[in-house]
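In what follows, a structure is listed as structure tokens, so that the remarks can point back to it.
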Amino acid sequence: MTTLIPVLAVLLTMVAGAVLAVRRFRVSDDYSGGSVGIVIAPCVLALYLVAAAMGVVIGWEDFKDSQDGVATEAGAAQALYWSTTALPEEDGEAVRDSLRTYLSTVVEKDWPMMVNAGELSAQGDMALADLTASVRVLPETENSDGLDRLTARQELTNLSDARIARADAAGDGIPGLVLIITVLTAIPVAVLPFAMIKKGASVAYFWATVNLAFVFGTVALLFFMGNPYTGVLATDAGGIEGTLAAFERADRAMLGLG
């Protein structure tokens, strides 16, 4: 709803500007071929194209980075899970239980917070702390000289780093200045063609309307991109959910139930 309001405001401004341009503020032939058509309009169009392109690229890069981050986080969780299989059974099971709890918290608590508030949940922080504690108390095994424990700790560090990266990504978005420049330049780009139409040129009205729709669509896209976990481009928790499902299958296999 908070995104829809500014988008509708931009649309209404464009439509109102087009109507006023047709009825009261037409640009005469002298000006359309002079300062307005040769200097002002191209400059505004150039600013609009640069700002809109920057916004789309930033939004797309944030989306791709968030997808890569989820894949990295899921990979770190899987590596930690399998690193515990060489540990004593009781110790390994304790870590795996904490890991499953943490990933469930990521899906159930973190993701709604990232979507609604652009930040991670306190429950996720606590679940990670519990997981860290379960790894830190692992004893050295006689046959590995502590290698199994060190491997688990390294994978825990990777998982923690992935969480930090996700927290940063949750706060990412298209910079406000880019949005402002895009909106301020998009309005004249959408309106000026109507002001330069001669009366009765129905085909020109059609193409001016198409131009307005295209420009408005670009602005709306930038607004609805949101952060990498919301909007039209949104990274979901599918990778983490898939990892949890894989853990369940592995548990069943280790118990001889698969």
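Labels for the structure tokens follow display order: chains A, B, ..., residues from 1 in each chain, ligands from 1.
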Review point. Got a sec to tell me which of range 21-205 of chain A DSSP assigns to alpha helix (DSSP H), as a PyMOL selection string?
Key: chain A and resi 21-23+29-32+41-83+89-105+111-117+122-136+147-170+176-195+202-205
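Atom to atom, CA of Asp236 in chain A and CA of Glu61 in chain A stand 15.9 Å apart.
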For the contact check between range 129-205 of chain A and range 217-230 of chain A, emit one row per residue of range 129-205 of chain A within 7 Å, containing the shortest atom pair and the distance in Å rounded to one decimal, counting only C-alpha atoms, chain then rising number order, as a tab-separated table.
```
residue	atom	partner	partner_atom	distance
A:Ala169	CA	A:Pro228	CA	6.7
A:Ala170	CA	A:Asn227	CA	6.3
A:Gly171	CA	A:Asn227	CA	6.7
A:Asp172	CA	A:Asn227	CA	5.5
A:Gly173	CA	A:Asn227	CA	4.6
A:Val183	CA	A:Val219	CA	6.7
```
Resulting file, chosen residues, C-alpha atoms, as an mmCIF file, in the first residue's frame:
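What ended up in again.cif:
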```cif
data_model
loop_
_atom_site.group_PDB
_atom_site.id
_atom_site.type_symbol
_atom_site.label_atom_id
_atom_site.label_comp_id
_atom_site.auth_asym_id
_atom_site.auth_seq_id
_atom_site.Cartn_x
_atom_site.Cartn_y
_atom_site.Cartn_z
ATOM 1 C CA ALA A 169 20.860 -7.418 1.407
ATOM 2 C CA ALA A 170 17.581 -7.072 3.306
ATOM 3 C CA GLY A 171 18.322 -3.382 3.730
ATOM 4 C CA ASP A 172 19.316 -2.844 0.107
ATOM 5 C CA GLY A 173 17.139 -1.102 -2.435
ATOM 6 C CA VAL A 183 10.247 10.566 -11.304
#
```
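Our summary of the geometry notes that CA of Trp60 in chain A is positioned 15.8 Å from CA of Asp168 in chain A.
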All residues 10 Å or closer to Asp161 in chain A, only C-alpha atoms, same chain fewer than 3 positions away omitted, as a PDB file with all heavy atoms, in the first residue's frame:
```pdb
ATOM      1  N   GLY A  69      23.331 -15.257  -2.429  1.00  0.00           N
ATOM      2  CA  GLY A  69      23.510 -15.349  -0.984  1.00  0.00           C
ATOM      3  C   GLY A  69      22.734 -16.487  -0.371  1.00  0.00           C
ATOM      4  O   GLY A  69      23.242 -17.192   0.522  1.00  0.00           O
ATOM      5  N   THR A  72      24.501 -19.644  -1.198  1.00  0.00           N
ATOM      6  CA  THR A  72      25.694 -19.783  -0.351  1.00  0.00           C
ATOM      7  C   THR A  72      25.319 -20.225   1.055  1.00  0.00           C
ATOM      8  O   THR A  72      25.975 -21.092   1.654  1.00  0.00           O
ATOM      9  CB  THR A  72      26.451 -18.448  -0.289  1.00  0.00           C
ATOM     10  OG1 THR A  72      26.869 -18.078  -1.610  1.00  0.00           O
ATOM     11  CG2 THR A  72      27.664 -18.552   0.619  1.00  0.00           C
ATOM     12  N   GLU A  73      24.245 -19.636   1.593  1.00  0.00           N
ATOM     13  CA  GLU A  73      23.809 -19.979   2.944  1.00  0.00           C
ATOM     14  C   GLU A  73      23.342 -21.431   3.013  1.00  0.00           C
ATOM     15  O   GLU A  73      23.675 -22.155   3.959  1.00  0.00           O
ATOM     16  CB  GLU A  73      22.691 -19.041   3.384  1.00  0.00           C
ATOM     17  CG  GLU A  73      22.307 -19.175   4.839  1.00  0.00           C
ATOM     18  CD  GLU A  73      21.407 -18.052   5.311  1.00  0.00           C
ATOM     19  OE1 GLU A  73      20.918 -17.275   4.467  1.00  0.00           O
ATOM     20  OE2 GLU A  73      21.191 -17.962   6.539  1.00  0.00           O
ATOM     21  N   ALA A  76      26.401 -23.660   2.899  1.00  0.00           N
ATOM     22  CA  ALA A  76      27.122 -23.690   4.166  1.00  0.00           C
ATOM     23  C   ALA A  76      26.398 -24.572   5.177  1.00  0.00           C
ATOM     24  O   ALA A  76      27.028 -25.324   5.940  1.00  0.00           O
ATOM     25  CB  ALA A  76      27.277 -22.279   4.717  1.00  0.00           C
ATOM     26  N   GLU A 155      32.604 -24.300   8.876  1.00  0.00           N
ATOM     27  CA  GLU A 155      31.308 -24.242   8.192  1.00  0.00           C
ATOM     28  C   GLU A 155      30.331 -23.346   8.955  1.00  0.00           C
ATOM     29  O   GLU A 155      29.508 -22.660   8.346  1.00  0.00           O
ATOM     30  CB  GLU A 155      30.726 -25.652   8.031  1.00  0.00           C
ATOM     31  CG  GLU A 155      31.581 -26.603   7.211  1.00  0.00           C
ATOM     32  CD  GLU A 155      31.901 -26.086   5.818  1.00  0.00           C
ATOM     33  OE1 GLU A 155      31.205 -25.166   5.353  1.00  0.00           O
ATOM     34  OE2 GLU A 155      32.855 -26.592   5.200  1.00  0.00           O
ATOM     35  N   LEU A 156      30.433 -23.341  10.286  1.00  0.00           N
ATOM     36  CA  LEU A 156      29.601 -22.440  11.078  1.00  0.00           C
ATOM     37  C   LEU A 156      29.947 -20.979  10.757  1.00  0.00           C
ATOM     38  O   LEU A 156      29.057 -20.132  10.640  1.00  0.00           O
ATOM     39  CB  LEU A 156      29.794 -22.714  12.562  1.00  0.00           C
ATOM     40  CG  LEU A 156      29.090 -21.743  13.522  1.00  0.00           C
ATOM     41  CD1 LEU A 156      27.569 -21.861  13.379  1.00  0.00           C
ATOM     42  CD2 LEU A 156      29.511 -22.022  14.964  1.00  0.00           C
ATOM     43  N   THR A 157      31.235 -20.702  10.619  1.00  0.00           N
ATOM     44  CA  THR A 157      31.661 -19.348  10.256  1.00  0.00           C
ATOM     45  C   THR A 157      31.094 -18.955   8.889  1.00  0.00           C
ATOM     46  O   THR A 157      30.612 -17.820   8.698  1.00  0.00           O
ATOM     47  CB  THR A 157      33.195 -19.262  10.228  1.00  0.00           C
ATOM     48  OG1 THR A 157      33.714 -19.558  11.524  1.00  0.00           O
ATOM     49  CG2 THR A 157      33.654 -17.866   9.813  1.00  0.00           C
ATOM     50  N   ASN A 158      31.128 -19.873   7.944  1.00  0.00           N
ATOM     51  CA  ASN A 158      30.569 -19.602   6.618  1.00  0.00           C
ATOM     52  C   ASN A 158      29.074 -19.320   6.699  1.00  0.00           C
ATOM     53  O   ASN A 158      28.560 -18.425   6.015  1.00  0.00           O
ATOM     54  CB  ASN A 158      30.828 -20.780   5.684  1.00  0.00           C
ATOM     55  CG  ASN A 158      32.304 -20.979   5.395  1.00  0.00           C
ATOM     56  OD1 ASN A 158      33.099 -20.052   5.533  1.00  0.00           O
ATOM     57  ND2 ASN A 158      32.674 -22.189   5.013  1.00  0.00           N
ATOM     58  N   ILE A 164      25.079 -12.615   7.744  1.00  0.00           N
ATOM     59  CA  ILE A 164      25.428 -11.198   7.728  1.00  0.00           C
ATOM     60  C   ILE A 164      25.172 -10.599   6.348  1.00  0.00           C
ATOM     61  O   ILE A 164      24.634  -9.488   6.219  1.00  0.00           O
ATOM     62  CB  ILE A 164      26.902 -11.014   8.145  1.00  0.00           C
ATOM     63  CG1 ILE A 164      27.087 -11.394   9.608  1.00  0.00           C
ATOM     64  CG2 ILE A 164      27.352  -9.573   7.912  1.00  0.00           C
ATOM     65  CD1 ILE A 164      28.537 -11.426  10.052  1.00  0.00           C
ATOM     66  N   ALA A 165      25.552 -11.337   5.314  1.00  0.00           N
ATOM     67  CA  ALA A 165      25.320 -10.863   3.951  1.00  0.00           C
ATOM     68  C   ALA A 165      23.830 -10.725   3.672  1.00  0.00           C
ATOM     69  O   ALA A 165      23.396  -9.774   2.999  1.00  0.00           O
ATOM     70  CB  ALA A 165      25.963 -11.824   2.948  1.00  0.00           C
ATOM     71  N   ARG A 166      23.029 -11.647   4.186  1.00  0.00           N
ATOM     72  CA  ARG A 166      21.572 -11.561   3.989  1.00  0.00           C
ATOM     73  C   ARG A 166      20.985 -10.363   4.736  1.00  0.00           C
ATOM     74  O   ARG A 166      20.065  -9.706   4.247  1.00  0.00           O
ATOM     75  CB  ARG A 166      20.915 -12.870   4.448  1.00  0.00           C
ATOM     76  CG  ARG A 166      19.405 -12.897   4.309  1.00  0.00           C
ATOM     77  CD  ARG A 166      18.881 -14.327   4.229  1.00  0.00           C
ATOM     78  NE  ARG A 166      19.381 -15.162   5.298  1.00  0.00           N
ATOM     79  CZ  ARG A 166      18.844 -15.202   6.527  1.00  0.00           C
ATOM     80  NH1 ARG A 166      17.810 -14.429   6.830  1.00  0.00           N
ATOM     81  NH2 ARG A 166      19.342 -16.009   7.456  1.00  0.00           N
ATOM     82  N   ALA A 167      21.520 -10.081   5.908  1.00  0.00           N
ATOM     83  CA  ALA A 167      21.063  -8.909   6.655  1.00  0.00           C
ATOM     84  C   ALA A 167      21.361  -7.629   5.883  1.00  0.00           C
ATOM     85  O   ALA A 167      20.534  -6.704   5.830  1.00  0.00           O
ATOM     86  CB  ALA A 167      21.729  -8.865   8.029  1.00  0.00           C
TER      87      ALA A 167
END
```
